[in-house]
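**Student:** This one is final_30.txt, compact mmCIF, C-alpha atoms.
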# COMPACT_ATOMS: atom_id res chain seq x y z
CA MET K 1 15.88 12.16 25.73
CA PHE K 2 13.11 9.86 24.59
CA SER K 3 12.91 7.37 21.73
CA VAL K 4 10.26 5.23 20.03
CA THR K 5 10.42 2.61 17.27
CA CYS K 6 7.37 1.53 15.30
CA VAL K 7 6.42 -0.42 12.20
CA ALA K 8 3.59 0.41 9.79
CA PRO K 9 2.07 -1.70 7.03
CA VAL K 10 1.63 -1.40 3.30
CA ASN K 11 -1.93 -1.12 2.07
CA ILE K 12 -3.06 -2.01 -1.44
CA ALA K 13 -6.09 -0.19 -2.85
CA LEU K 14 -9.01 -2.20 -4.15
CA ILE K 15 -10.89 0.96 -5.17
CA LYS K 16 -8.10 3.25 -6.33
CA TYR K 17 -7.22 6.74 -5.15
CA TRP K 18 -6.23 8.71 -8.24
CA GLY K 19 -6.51 12.47 -8.53
CA LYS K 20 -6.63 15.34 -6.05
CA ARG K 21 -9.08 18.19 -5.64
CA HIS K 22 -6.56 20.05 -3.45
CA GLU K 23 -2.84 19.53 -3.99
CA ASP K 24 -1.41 20.89 -0.73
CA LEU K 25 -3.91 19.24 1.61
CA ILE K 26 -3.97 16.08 -0.56
CA LEU K 27 -7.75 15.87 -0.83
CA PRO K 28 -8.88 13.16 -3.26
CA VAL K 29 -11.48 13.42 -6.00
CA ASN K 30 -13.05 10.12 -4.89
CA ASP K 31 -13.30 7.72 -1.96
CA SER K 32 -10.91 4.75 -1.94
CA LEU K 33 -10.88 1.38 -0.20
CA SER K 34 -7.88 -0.78 0.64
CA MET K 35 -6.66 -3.91 2.37
CA THR K 36 -3.80 -3.67 4.85
CA LEU K 37 -1.01 -6.23 4.45
CA SER K 38 0.89 -7.98 7.23
CA THR K 39 3.96 -6.16 8.54
CA ASN K 40 5.77 -9.50 8.79
CA GLU K 41 6.47 -9.39 5.05
CA LEU K 42 6.14 -5.71 4.03
CA CYS K 43 6.55 -2.71 6.31
CA ALA K 44 8.20 0.59 7.04
CA LYS K 45 10.15 0.84 10.29
CA THR K 46 10.88 4.15 11.97
CA THR K 47 12.86 5.20 15.03
CA ILE K 48 12.38 8.74 16.39
CA THR K 49 14.50 10.22 19.15
CA ALA K 50 13.66 13.58 20.74
CA SER K 51 16.13 15.50 22.88
CA LYS K 52 16.39 18.95 24.38
CA SER K 53 20.05 18.94 23.33
CA PHE K 54 19.43 18.36 19.59
CA GLU K 55 20.15 21.49 17.55
CA ASP K 56 18.33 20.46 14.35
CA ASN K 57 15.69 18.11 13.05
CA ARG K 58 17.43 15.38 11.04
CA MET K 59 16.24 12.37 9.06
CA TRP K 60 17.77 9.29 7.43
CA LEU K 61 15.81 7.31 4.84
CA ASN K 62 17.16 3.83 4.11
CA GLY K 63 20.51 4.92 5.56
CA GLU K 64 20.87 8.13 3.55
CA GLU K 65 20.37 11.50 5.21
CA VAL K 66 17.64 13.65 3.66
CA SER K 67 16.67 17.26 4.33
CA ILE K 68 13.48 17.66 6.32
CA GLU K 69 13.31 21.37 5.57
CA GLU K 70 13.33 20.78 1.82
CA SER K 71 10.28 18.51 2.02
CA SER K 72 7.04 20.43 2.57
CA ARG K 73 5.21 17.18 3.35
CA LEU K 74 7.66 16.11 6.06
CA THR K 75 7.62 19.54 7.70
CA ARG K 76 3.81 19.64 7.53
CA CYS K 77 3.50 16.27 9.26
CA LEU K 78 5.89 17.33 12.01
CA LYS K 79 4.07 20.61 12.49
CA GLU K 80 0.61 19.03 12.59
CA VAL K 81 1.54 16.26 15.04
CA ARG K 82 3.19 18.79 17.33
CA ARG K 83 0.02 20.90 17.14
CA LEU K 84 -2.01 17.88 18.24
CA ALA K 85 0.47 17.23 21.06
CA LEU K 86 -0.02 20.76 22.38
CA ALA K 87 -3.79 20.46 22.06
CA THR K 88 -4.06 17.10 23.85
CA GLY K 89 -1.41 17.75 26.48
CA PHE K 90 1.90 15.92 26.33
CA GLN K 91 3.29 13.84 29.19
CA LYS K 92 7.04 13.49 28.81
CA VAL K 93 8.32 14.93 25.55
CA SER K 94 8.15 18.62 24.72
CA PRO K 95 6.99 19.33 21.14
CA SER K 96 9.62 22.07 21.05
CA TRP K 97 12.47 19.55 21.19
CA LYS K 98 14.19 18.68 17.93
CA VAL K 99 13.97 15.11 16.63
CA HIS K 100 16.23 12.66 14.82
CA ILE K 101 14.35 10.24 12.57
CA ALA K 102 15.54 7.05 10.87
CA SER K 103 13.24 5.12 8.56
CA VAL K 104 13.68 2.03 6.38
CA ASN K 105 11.46 0.01 4.05
CA ASN K 106 11.96 -3.73 3.68
CA PHE K 107 10.72 -3.57 0.08
CA PRO K 108 11.51 -1.47 -3.04
CA THR K 109 10.83 2.27 -2.83
CA ALA K 110 8.80 4.07 -5.56
CA ALA K 111 8.21 0.88 -7.55
CA GLY K 112 4.44 0.92 -7.24
CA LEU K 113 4.36 -1.02 -3.96
CA ALA K 114 2.95 1.76 -1.76
CA SER K 115 6.25 2.60 -0.05
CA SER K 116 5.33 6.25 0.62
CA ALA K 117 2.04 5.23 2.27
CA ALA K 118 3.80 2.90 4.71
CA GLY K 119 6.60 5.41 5.30
CA TYR K 120 4.42 8.40 6.17
CA ALA K 121 2.01 6.27 8.20
CA CYS K 122 4.97 5.03 10.23
CA LEU K 123 6.32 8.56 10.67
CA VAL K 124 3.00 9.95 11.92
CA TYR K 125 2.23 6.92 14.10
CA SER K 126 5.72 7.03 15.65
CA LEU K 127 5.38 10.75 16.39
CA ALA K 128 1.98 10.09 17.93
CA ARG K 129 3.47 7.44 20.21
CA LEU K 130 6.32 9.79 21.12
CA TYR K 131 3.85 12.47 22.23
CA ASP K 132 1.19 10.08 23.64
CA ILE K 133 -1.40 11.11 21.05
CA PRO K 134 -4.22 8.55 20.57
CA LEU K 135 -5.19 7.25 17.14
CA SER K 136 -8.08 9.37 15.84
CA ASP K 137 -9.77 10.69 12.71
CA GLU K 138 -7.67 13.83 13.03
CA LEU K 139 -4.43 11.83 13.07
CA THR K 140 -5.41 10.24 9.76
CA THR K 141 -5.72 13.73 8.25
CA VAL K 142 -2.10 14.36 9.24
CA ALA K 143 -0.85 11.15 7.61
CA ARG K 144 -2.91 12.04 4.52
CA GLN K 145 -0.94 15.27 4.16
CA GLY K 146 2.29 13.29 3.93
CA SER K 147 1.08 10.77 1.36
CA GLY K 148 -2.62 10.40 0.61
CA SER K 149 -2.79 6.63 0.98
CA ALA K 150 -0.84 6.79 4.26
CA CYS K 151 -4.05 7.53 6.14
CA ARG K 152 -5.30 4.04 5.23
CA SER K 153 -2.13 2.40 6.65
CA LEU K 154 -3.00 3.59 10.15
CA PHE K 155 -5.53 0.75 10.42
CA GLY K 156 -5.54 -2.98 9.80
CA GLY K 157 -8.03 -5.05 7.85
CA PHE K 158 -10.13 -3.21 5.27
CA VAL K 159 -10.11 0.59 5.32
CA GLN K 160 -12.04 3.33 3.53
CA TRP K 161 -10.59 6.78 2.92
CA HIS K 162 -13.53 9.17 2.71
CA ARG K 163 -13.20 11.93 0.13
CA GLY K 164 -14.95 14.50 2.27
CA VAL K 165 -16.55 17.73 1.07
CA LEU K 166 -15.09 20.44 3.30
CA GLU K 167 -12.49 22.77 1.84
CA ASP K 168 -10.20 22.46 4.88
CA GLY K 169 -10.12 18.66 4.55
CA THR K 170 -11.14 17.92 8.14
CA ASP K 171 -13.73 15.40 6.93
CA SER K 172 -11.34 13.64 4.53
CA VAL K 173 -10.47 10.83 6.95
CA ALA K 174 -9.74 7.12 6.94
CA LYS K 175 -11.94 4.68 8.86
CA GLN K 176 -11.64 0.94 9.38
CA ILE K 177 -14.45 -1.12 7.82
CA VAL K 178 -13.58 -4.45 9.46
CA PRO K 179 -10.42 -5.72 11.24
CA SER K 180 -8.15 -8.38 9.78
CA GLN K 181 -9.79 -11.08 11.90
CA HIS K 182 -13.00 -10.69 9.86
CA TRP K 183 -11.47 -12.39 6.79
CA PRO K 184 -8.35 -14.12 8.14
CA ASN K 185 -7.77 -16.43 5.16
CA MET K 186 -7.43 -13.53 2.69
CA HIS K 187 -3.93 -13.77 1.20
CA VAL K 188 -1.98 -11.86 -1.43
CA LEU K 189 0.69 -12.86 -3.93
CA ILE K 190 2.73 -9.89 -5.14
CA LEU K 191 4.30 -10.72 -8.50
CA VAL K 192 7.29 -8.40 -8.81
CA VAL K 193 7.94 -7.72 -12.47
CA ASN K 194 10.13 -4.67 -11.99
CA ASP K 195 11.35 -3.27 -8.66
CA GLN K 196 12.96 -0.15 -10.12
CA ARG K 197 11.66 3.40 -9.64
CA LYS K 198 8.71 4.11 -11.94
CA LYS K 199 9.11 6.61 -14.80
CA THR K 200 6.06 8.76 -14.00
CA ALA K 201 5.67 9.58 -10.30
CA SER K 202 2.15 9.20 -8.93
CA THR K 203 1.90 12.88 -7.95
CA LYS K 204 2.66 14.07 -11.48
CA GLY K 205 0.47 11.39 -13.03
CA MET K 206 -2.51 12.40 -10.89
CA GLN K 207 -2.11 16.07 -11.75
CA ASN K 208 -2.04 15.31 -15.46
CA SER K 209 -5.06 13.00 -15.20
CA VAL K 210 -7.19 15.58 -13.40
CA ASN K 211 -6.24 18.21 -15.97
CA THR K 212 -6.61 16.16 -19.15
CA SER K 213 -8.73 13.03 -18.64
CA LYS K 214 -12.49 13.08 -19.19
CA LEU K 215 -12.85 9.59 -17.74
CA ILE K 216 -11.52 10.49 -14.28
CA HIS K 217 -14.45 12.78 -13.47
CA HIS K 218 -17.05 10.24 -14.64
CA ARG K 219 -15.35 7.60 -12.50
CA ALA K 220 -15.26 9.83 -9.40
CA ASP K 221 -18.88 10.99 -9.68
CA LYS K 222 -20.68 7.94 -11.07
CA VAL K 223 -18.66 4.75 -10.75
CA VAL K 224 -16.77 4.85 -7.44
CA PRO K 225 -19.72 5.51 -5.08
CA GLU K 226 -21.55 2.42 -6.36
CA ARG K 227 -18.42 0.26 -6.29
CA ILE K 228 -17.59 1.31 -2.74
CA ASN K 229 -21.00 0.19 -1.52
CA GLN K 230 -20.84 -3.09 -3.44
CA LEU K 231 -17.34 -3.88 -2.21
CA ARG K 232 -18.18 -3.06 1.41
CA GLU K 233 -21.07 -5.52 1.21
CA ALA K 234 -18.86 -8.19 -0.39
CA ILE K 235 -16.30 -7.75 2.40
CA GLN K 236 -18.97 -8.00 5.11
CA ASN K 237 -20.29 -11.20 3.49
CA ARG K 238 -16.82 -12.58 2.68
CA ASP K 239 -18.05 -12.90 -0.91
CA PHE K 240 -14.83 -13.50 -2.86
CA GLN K 241 -16.58 -13.71 -6.25
CA THR K 242 -17.97 -10.16 -6.00
CA PHE K 243 -14.87 -8.92 -4.20
CA GLY K 244 -12.59 -10.16 -6.97
CA GLU K 245 -14.68 -8.89 -9.87
CA ILE K 246 -14.98 -5.36 -8.47
CA THR K 247 -11.27 -5.28 -7.62
CA MET K 248 -10.22 -6.27 -11.15
CA ARG K 249 -12.71 -3.93 -12.83
CA ASP K 250 -11.49 -0.99 -10.77
CA SER K 251 -7.84 -1.76 -11.53
CA ASN K 252 -8.67 -1.88 -15.24
CA GLN K 253 -10.50 1.43 -15.07
CA PHE K 254 -7.69 3.12 -13.20
CA HIS K 255 -5.19 2.15 -15.90
CA ALA K 256 -7.66 3.21 -18.59
CA ILE K 257 -7.66 6.67 -17.00
CA ALA K 258 -3.85 6.62 -16.92
CA MET K 259 -3.90 5.91 -20.66
CA ASP K 260 -6.61 8.56 -21.22
CA THR K 261 -4.27 11.11 -19.62
CA TYR K 262 -2.37 13.36 -22.02
CA PRO K 263 0.43 12.53 -22.36
CA PRO K 264 -0.47 9.01 -21.21
CA CYS K 265 0.87 7.47 -18.00
CA VAL K 266 2.03 3.97 -18.85
CA TYR K 267 2.47 1.97 -15.66
CA MET K 268 1.77 -1.60 -16.80
CA ASN K 269 4.10 -3.40 -19.20
CA ASP K 270 3.79 -6.46 -21.45
CA VAL K 271 4.29 -8.88 -18.55
CA SER K 272 1.59 -7.07 -16.57
CA HIS K 273 -0.89 -7.61 -19.39
CA GLU K 274 0.14 -11.25 -19.65
CA ILE K 275 -0.62 -11.65 -15.94
CA VAL K 276 -4.09 -10.16 -16.51
CA SER K 277 -4.76 -12.66 -19.30
CA PHE K 278 -3.42 -15.50 -17.17
CA VAL K 279 -5.73 -14.68 -14.23
CA HIS K 280 -8.84 -14.62 -16.41
CA SER K 281 -7.85 -17.88 -18.10
CA TYR K 282 -7.03 -19.47 -14.75
CA ASN K 283 -10.40 -18.56 -13.25
CA GLU K 284 -12.20 -19.89 -16.31
CA ILE K 285 -10.34 -23.21 -16.17
CA MET K 286 -10.94 -23.54 -12.41
CA GLY K 287 -14.65 -22.97 -12.88
CA SER K 288 -14.91 -20.06 -10.42
CA LEU K 289 -13.17 -16.84 -9.53
CA GLN K 290 -10.23 -17.93 -7.35
CA ALA K 291 -7.72 -15.16 -8.07
CA ALA K 292 -8.17 -11.41 -8.51
CA TYR K 293 -5.53 -8.97 -9.73
CA THR K 294 -4.97 -5.32 -9.04
CA PHE K 295 -2.16 -3.06 -10.24
CA ASP K 296 -1.21 0.20 -8.57
CA ALA K 297 0.88 2.79 -10.41
CA GLY K 298 3.47 0.25 -11.55
CA PRO K 299 3.85 -3.05 -13.42
CA ASN K 300 3.74 -5.32 -10.36
CA ALA K 301 0.63 -7.41 -9.80
CA CYS K 302 -1.11 -8.03 -6.49
CA LEU K 303 -3.18 -11.20 -6.68
CA TYR K 304 -5.83 -11.70 -4.01
CA VAL K 305 -6.46 -15.36 -3.22
CA LEU K 306 -7.88 -17.32 -0.31
CA ALA K 307 -5.30 -19.24 1.73
CA GLU K 308 -6.59 -22.65 0.68
CA HIS K 309 -6.03 -21.82 -3.00
CA VAL K 310 -2.50 -20.40 -2.69
CA PRO K 311 -0.51 -23.58 -3.57
CA GLN K 312 -2.74 -24.23 -6.58
CA LEU K 313 -2.31 -20.67 -7.87
CA VAL K 314 1.45 -20.63 -7.34
CA GLY K 315 1.67 -23.91 -9.21
CA ALA K 316 -0.16 -22.36 -12.17
CA ILE K 317 2.02 -19.26 -12.07
CA GLN K 318 5.14 -21.41 -12.18
CA LYS K 319 3.85 -23.24 -15.25
CA VAL K 320 3.06 -20.06 -17.18
CA PHE K 321 5.85 -17.87 -15.77
CA PRO K 322 8.58 -20.41 -14.92
CA ASN K 323 11.62 -19.18 -13.03
CA ASP K 324 15.00 -20.84 -12.60
CA LEU K 325 14.97 -19.80 -8.94
CA LEU K 326 11.77 -21.66 -7.98
CA ASP K 327 13.36 -23.48 -5.05
CA SER K 328 15.23 -20.39 -3.85
CA THR K 329 14.09 -18.19 -0.97
CA GLU K 330 15.00 -15.27 -3.21
CA TYR K 331 12.12 -16.18 -5.52
CA LEU K 332 9.33 -17.32 -3.18
CA ARG K 333 9.49 -14.80 -0.35
CA GLY K 334 7.28 -14.16 2.65
CA LEU K 335 4.91 -16.75 4.04
CA PRO K 336 6.14 -20.26 3.24
CA ILE K 337 4.62 -22.20 0.34
CA SER K 338 5.46 -25.87 0.10
CA THR K 339 6.78 -26.50 -3.42
CA GLU K 340 5.83 -30.15 -2.90
CA ASN K 341 2.18 -29.08 -3.10
CA LEU K 342 2.51 -27.10 -6.32
CA GLU K 343 1.58 -30.21 -8.32
CA THR K 344 -2.03 -30.90 -7.37
CA SER K 345 -5.01 -32.87 -8.55
CA GLN K 346 -5.91 -29.86 -10.72
CA SER K 347 -2.59 -29.88 -12.63
CA ASN K 348 -4.19 -31.31 -15.76
CA LYS K 349 -6.63 -28.40 -15.79
CA ILE K 350 -3.76 -25.93 -15.52
CA LYS K 351 -2.13 -27.47 -18.56
CA LEU K 352 -5.23 -26.46 -20.51
CA LEU K 353 -4.42 -22.77 -20.01
CA GLY K 354 -2.70 -22.89 -23.37
CA ILE K 355 -0.47 -19.90 -22.65
CA GLU K 356 3.09 -19.98 -23.92
CA PRO K 357 5.48 -19.96 -20.93
CA LYS K 358 7.29 -16.67 -20.25
CA LYS K 359 10.46 -17.77 -18.50
CA ASN K 360 11.97 -15.53 -15.78
CA SER K 361 9.61 -12.65 -16.58
CA ILE K 362 8.58 -12.49 -12.91
CA LYS K 363 11.58 -11.58 -10.74
CA TYR K 364 10.15 -12.89 -7.47
CA ILE K 365 6.91 -13.48 -5.58
CA ILE K 366 6.01 -12.15 -2.13
CA HIS K 367 3.39 -14.20 -0.29
CA THR K 368 1.61 -12.27 2.45
CA GLU K 369 -1.79 -11.94 4.09
CA ILE K 370 -4.24 -9.46 5.49
CA GLY K 371 -2.68 -7.63 8.42
CA GLN K 372 -3.13 -5.32 11.35
CA GLY K 373 -2.23 -1.65 11.71
CA PRO K 374 0.97 -0.04 13.01
CA SER K 375 2.56 -1.13 16.27
CA ARG K 376 5.28 0.01 18.64
CA LEU K 377 8.37 -2.17 19.09
CA GLY K 378 10.70 -2.63 22.02
CA GLU K 379 13.77 -0.48 22.66
CA ASP K 380 16.06 -3.22 21.37
CA SER K 381 14.51 -2.76 17.89
CA SER K 382 15.77 0.81 17.42
CA LEU K 383 17.39 1.65 14.10
CA LEU K 384 21.05 2.65 13.98
CA ILE K 385 22.81 5.08 11.67
CA ASN K 386 26.35 4.05 10.78
CA GLY K 387 26.21 1.67 13.72
CA LEU K 388 25.28 4.40 16.19
CA PRO K 389 21.98 5.23 17.89
CA LEU K 390 20.13 8.44 16.97
CA ASN K 391 21.26 10.19 20.14
CA GLN K 392 24.75 10.59 18.72
In structure tokens, what does this structure look like?

**Tutor:**
Amino acid sequence: MFSVTCVAPVNIALIKYWGKRHEDLILPVNDSLSMTLSTNELCAKTTITASKSFEDNRMWLNGEEVSIEESSRLTRCLKEVRRLALATGFQKVSPSWKVHIASVNNFPTAAGLASSAAGYACLVYSLARLYDIPLSDELTTVARQGSGSACRSLFGGFVQWHRGVLEDGTDSVAKQIVPSQHWPNMHVLILVVNDQRKKTASTKGMQNSVNTSKLIHHRADKVVPERINQLREAIQNRDFQTFGEITMRDSNQFHAIAMDTYPPCVYMNDVSHEIVSFVHSYNEIMGSLQAAYTFDAGPNACLYVLAEHVPQLVGAIQKVFPNDLLDSTEYLRGLPISTENLETSQSNKIKLLGIEPKKNSIKYIIHTEIGQGPSRLGEDSSLLINGLPLNQ
């Protein structure tokens, strides 16, 4: 009997993945580019135990048992990792042994916070550690077949998922652009507006967009290739002005495609649009681009901001979106932000925003930073099911 426990990060796309050219293999219609977030604040955690005595493959997700056999994506990931194990030569664990898997997220599932990407990345990475399979391009193709964006969560820093052109998808792989150490003061504020499950699942939304939107094909063929090159250069140069503008433009275009879909996919809500207006007003008042928003398939905003500007930005957010829980750890989560520094020398400028306060419209804020890829934890970190280890 052998067991491993690993954590894998969330990644947030700067250039969005939206639309597939092959449903089963999860091959995208365009390249995408993301930033990996620190696992200290947001992560999936998975324990996998393999034993010759296990009669069935079993899995628990956030404490509830789910059927592996009823999920084609789960079974495909298991099959493909075991194929790699046989090809590379395993050391201790036979790929023929059944496995028990427990996985948890420390953030809301299916609320537009990339939970499936972290979950499948953690599953594939944990299986790879179990079978002593090294991280490779081919391993990213396995994670991709669980959840497309999962391939990007196998690396830290900034990551590009290449669309590829081959029908079998072997060239649709994720590659790291630069590690997290390249831009260490890149931080993110996640403004959680709604942490409930979204109405239109991403898979269904993508299918409808590919079938009905004219904009999606123009974006994939004409817009994304240029933006990818521009954003890669901005990242290399640590050019936040260009980085932020491209990120916000691509978020806007993604949601325009969602609205161009028939019937439309409505992921942002009124508070989301108020956050967009706030960010543009804030940057104008500050005299430079200091905050950049992006929205995935949900109403929650991810604001990119350099570490030195975080207190200033949080202070402005609290003025426009005040919350009764400001001094509570339930409201300001993640990396600490001193509320004593929220009133700064720029406070008079913030007052000029002229936006009517929207009290308690943001449920809570998660403060995190650029992070590294998945990692293996010690044996004392193993997950339990009903208080028992997975060998029971």

**Student:** Give me the range 180-227 of chain K side of the contact with range 299-302 of chain K, cut-off 7 Å, one line per residue showing its nearest atom pair and distance in Å at one decimal, counting all atoms listed in the file, sorted by chain and residue number, as CSV.

**Tutor:**
residue,atom,partner,partner_atom,distance
K:Val188,CA,K:Cys302,CA,6.4
K:Leu189,CA,K:Cys302,CA,5.8
K:Ile190,CA,K:Cys302,CA,4.5
K:Leu191,CA,K:Ala301,CA,5.1
K:Val192,CA,K:Asn300,CA,4.9
K:Val193,CA,K:Asn300,CA,5.3
K:Asn194,CA,K:Asn300,CA,6.6

**Student:** Would you mind listing what lies within 7 Å of Ala291 in chain K as a PyMOL selection string, with all atoms listed in the file counted and same-chain residues fewer than 6 positions away left out?

**Tutor:** chain K and resi 279+283+303-305

**Student:** How many Å lie between CA of Lys222 in chain K and CA of Glu284 in chain K, rounded to one decimal?

**Tutor:** 29.6 Å

**Student:** Have a look at K:Leu139, K:Ala201, K:Ile366, K:Val320 and name the one nearest to Tyr267 in chain K; count all atoms listed in the file.

**Tutor:**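 Using all atoms listed in the file, Tyr267 in chain K sits closest to K:Ala201.
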
**Student:** In Å, with one decimal, what is the gap from CA of Lys319 in chain K to CA of Ser281 in chain K?

**Tutor:**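 CA of Lys319 in chain K sits 13.2 Å away from CA of Ser281 in chain K.
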
**Student:** Provide the CA of Glu23 in chain K to CA of Cys6 in chain K distance in Å, to one decimal place.

**Tutor:** 28.3 Å

**Student:** Looking at K:Glu65, K:Asp260, K:Glu233, K:Asp250, which one is nearest to Asn211 in chain K, with distances taken over all atoms listed in the file?

**Tutor:**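 Of the candidates, the smallest distance to Asn211 in chain K is held by K:Asp260.
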
**Student:** Identify, on the basis of only C-alpha atoms, every residue whose closest approach to Pro134 in chain K does not exceed 10 Å; exclude the query and any residue fewer than 6 positions from it along the same chain; express the result as a PDB file with C-alpha atoms, in the frame of the given file.

**Tutor:**
ATOM      1  CA  LEU K  84      -2.010  17.880  18.240  1.00  0.00           C
ATOM      2  CA  ALA K  85       0.470  17.230  21.060  1.00  0.00           C
ATOM      3  CA  THR K  88      -4.060  17.100  23.850  1.00  0.00           C
ATOM      4  CA  TYR K 125       2.230   6.920  14.100  1.00  0.00           C
ATOM      5  CA  ALA K 128       1.980  10.090  17.930  1.00  0.00           C
TER       6      ALA K 128
END

**Student:** Using only C-alpha atoms, what table do you get, as a Markdown table, when you list each residue of range 108-194 of chain K with an atom no more than 6 Å from range 370-374 of chain K, its nearest pair of atoms, and their distance in Å rounded to one decimal, rows by chain then rising number?

**Tutor:**
| residue | atom | partner | partner_atom | distance |
| --- | --- | --- | --- | --- |
| K:Leu154 | CA | K:Gly373 | CA | 5.5 |
| K:Phe155 | CA | K:Gly373 | CA | 4.3 |
| K:Gly156 | CA | K:Gln372 | CA | 3.7 |
| K:Gly157 | CA | K:Gly371 | CA | 6.0 |
| K:Ser180 | CA | K:Gly371 | CA | 5.7 |
| K:Met186 | CA | K:Ile370 | CA | 5.9 |

**Student:** If we count only C-alpha atoms, what is near Met1 in chain K at a cut-off of 9 Å, once residues fewer than 6 positions away on the same chain are taken out, given as a list of chain:residue names?

**Tutor:**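 That gives K:Thr49, K:Ala50, K:Ser51, K:Lys52, K:Ser53, K:Val93, K:Asn391.
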
**Student:** Ranking K:Val210, K:Ala13, K:Ile48, K:Phe240 by minimum distance to Ser288 in chain K and counting only C-alpha atoms, which one comes first?

**Tutor:**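 Under the stated criterion, the closest residue is K:Phe240.
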
**Student:** Would you list the contacts of Ile12 in chain K as a PyMOL selection string, taking every protein, DNA or RNA residue within 7 Å and counting all atoms listed in the file, but skipping same-chain residues closer than 3 positions in sequence?

**Tutor:** chain K and resi 34-36

**Student:** Go ahead and write the selection's residues with C-alpha atoms as a JSON list (two decimals), keeping the file's coordinate frame.

**Tutor:**
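Below is the file that was written, result_28.json:
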[["chain", "number", "residue", "atom", "x", "y", "z"],
["K", 34, "SER", "CA", -7.88, -0.78, 0.64],
["K", 35, "MET", "CA", -6.66, -3.91, 2.37],
["K", 36, "THR", "CA", -3.80, -3.67, 4.85]]
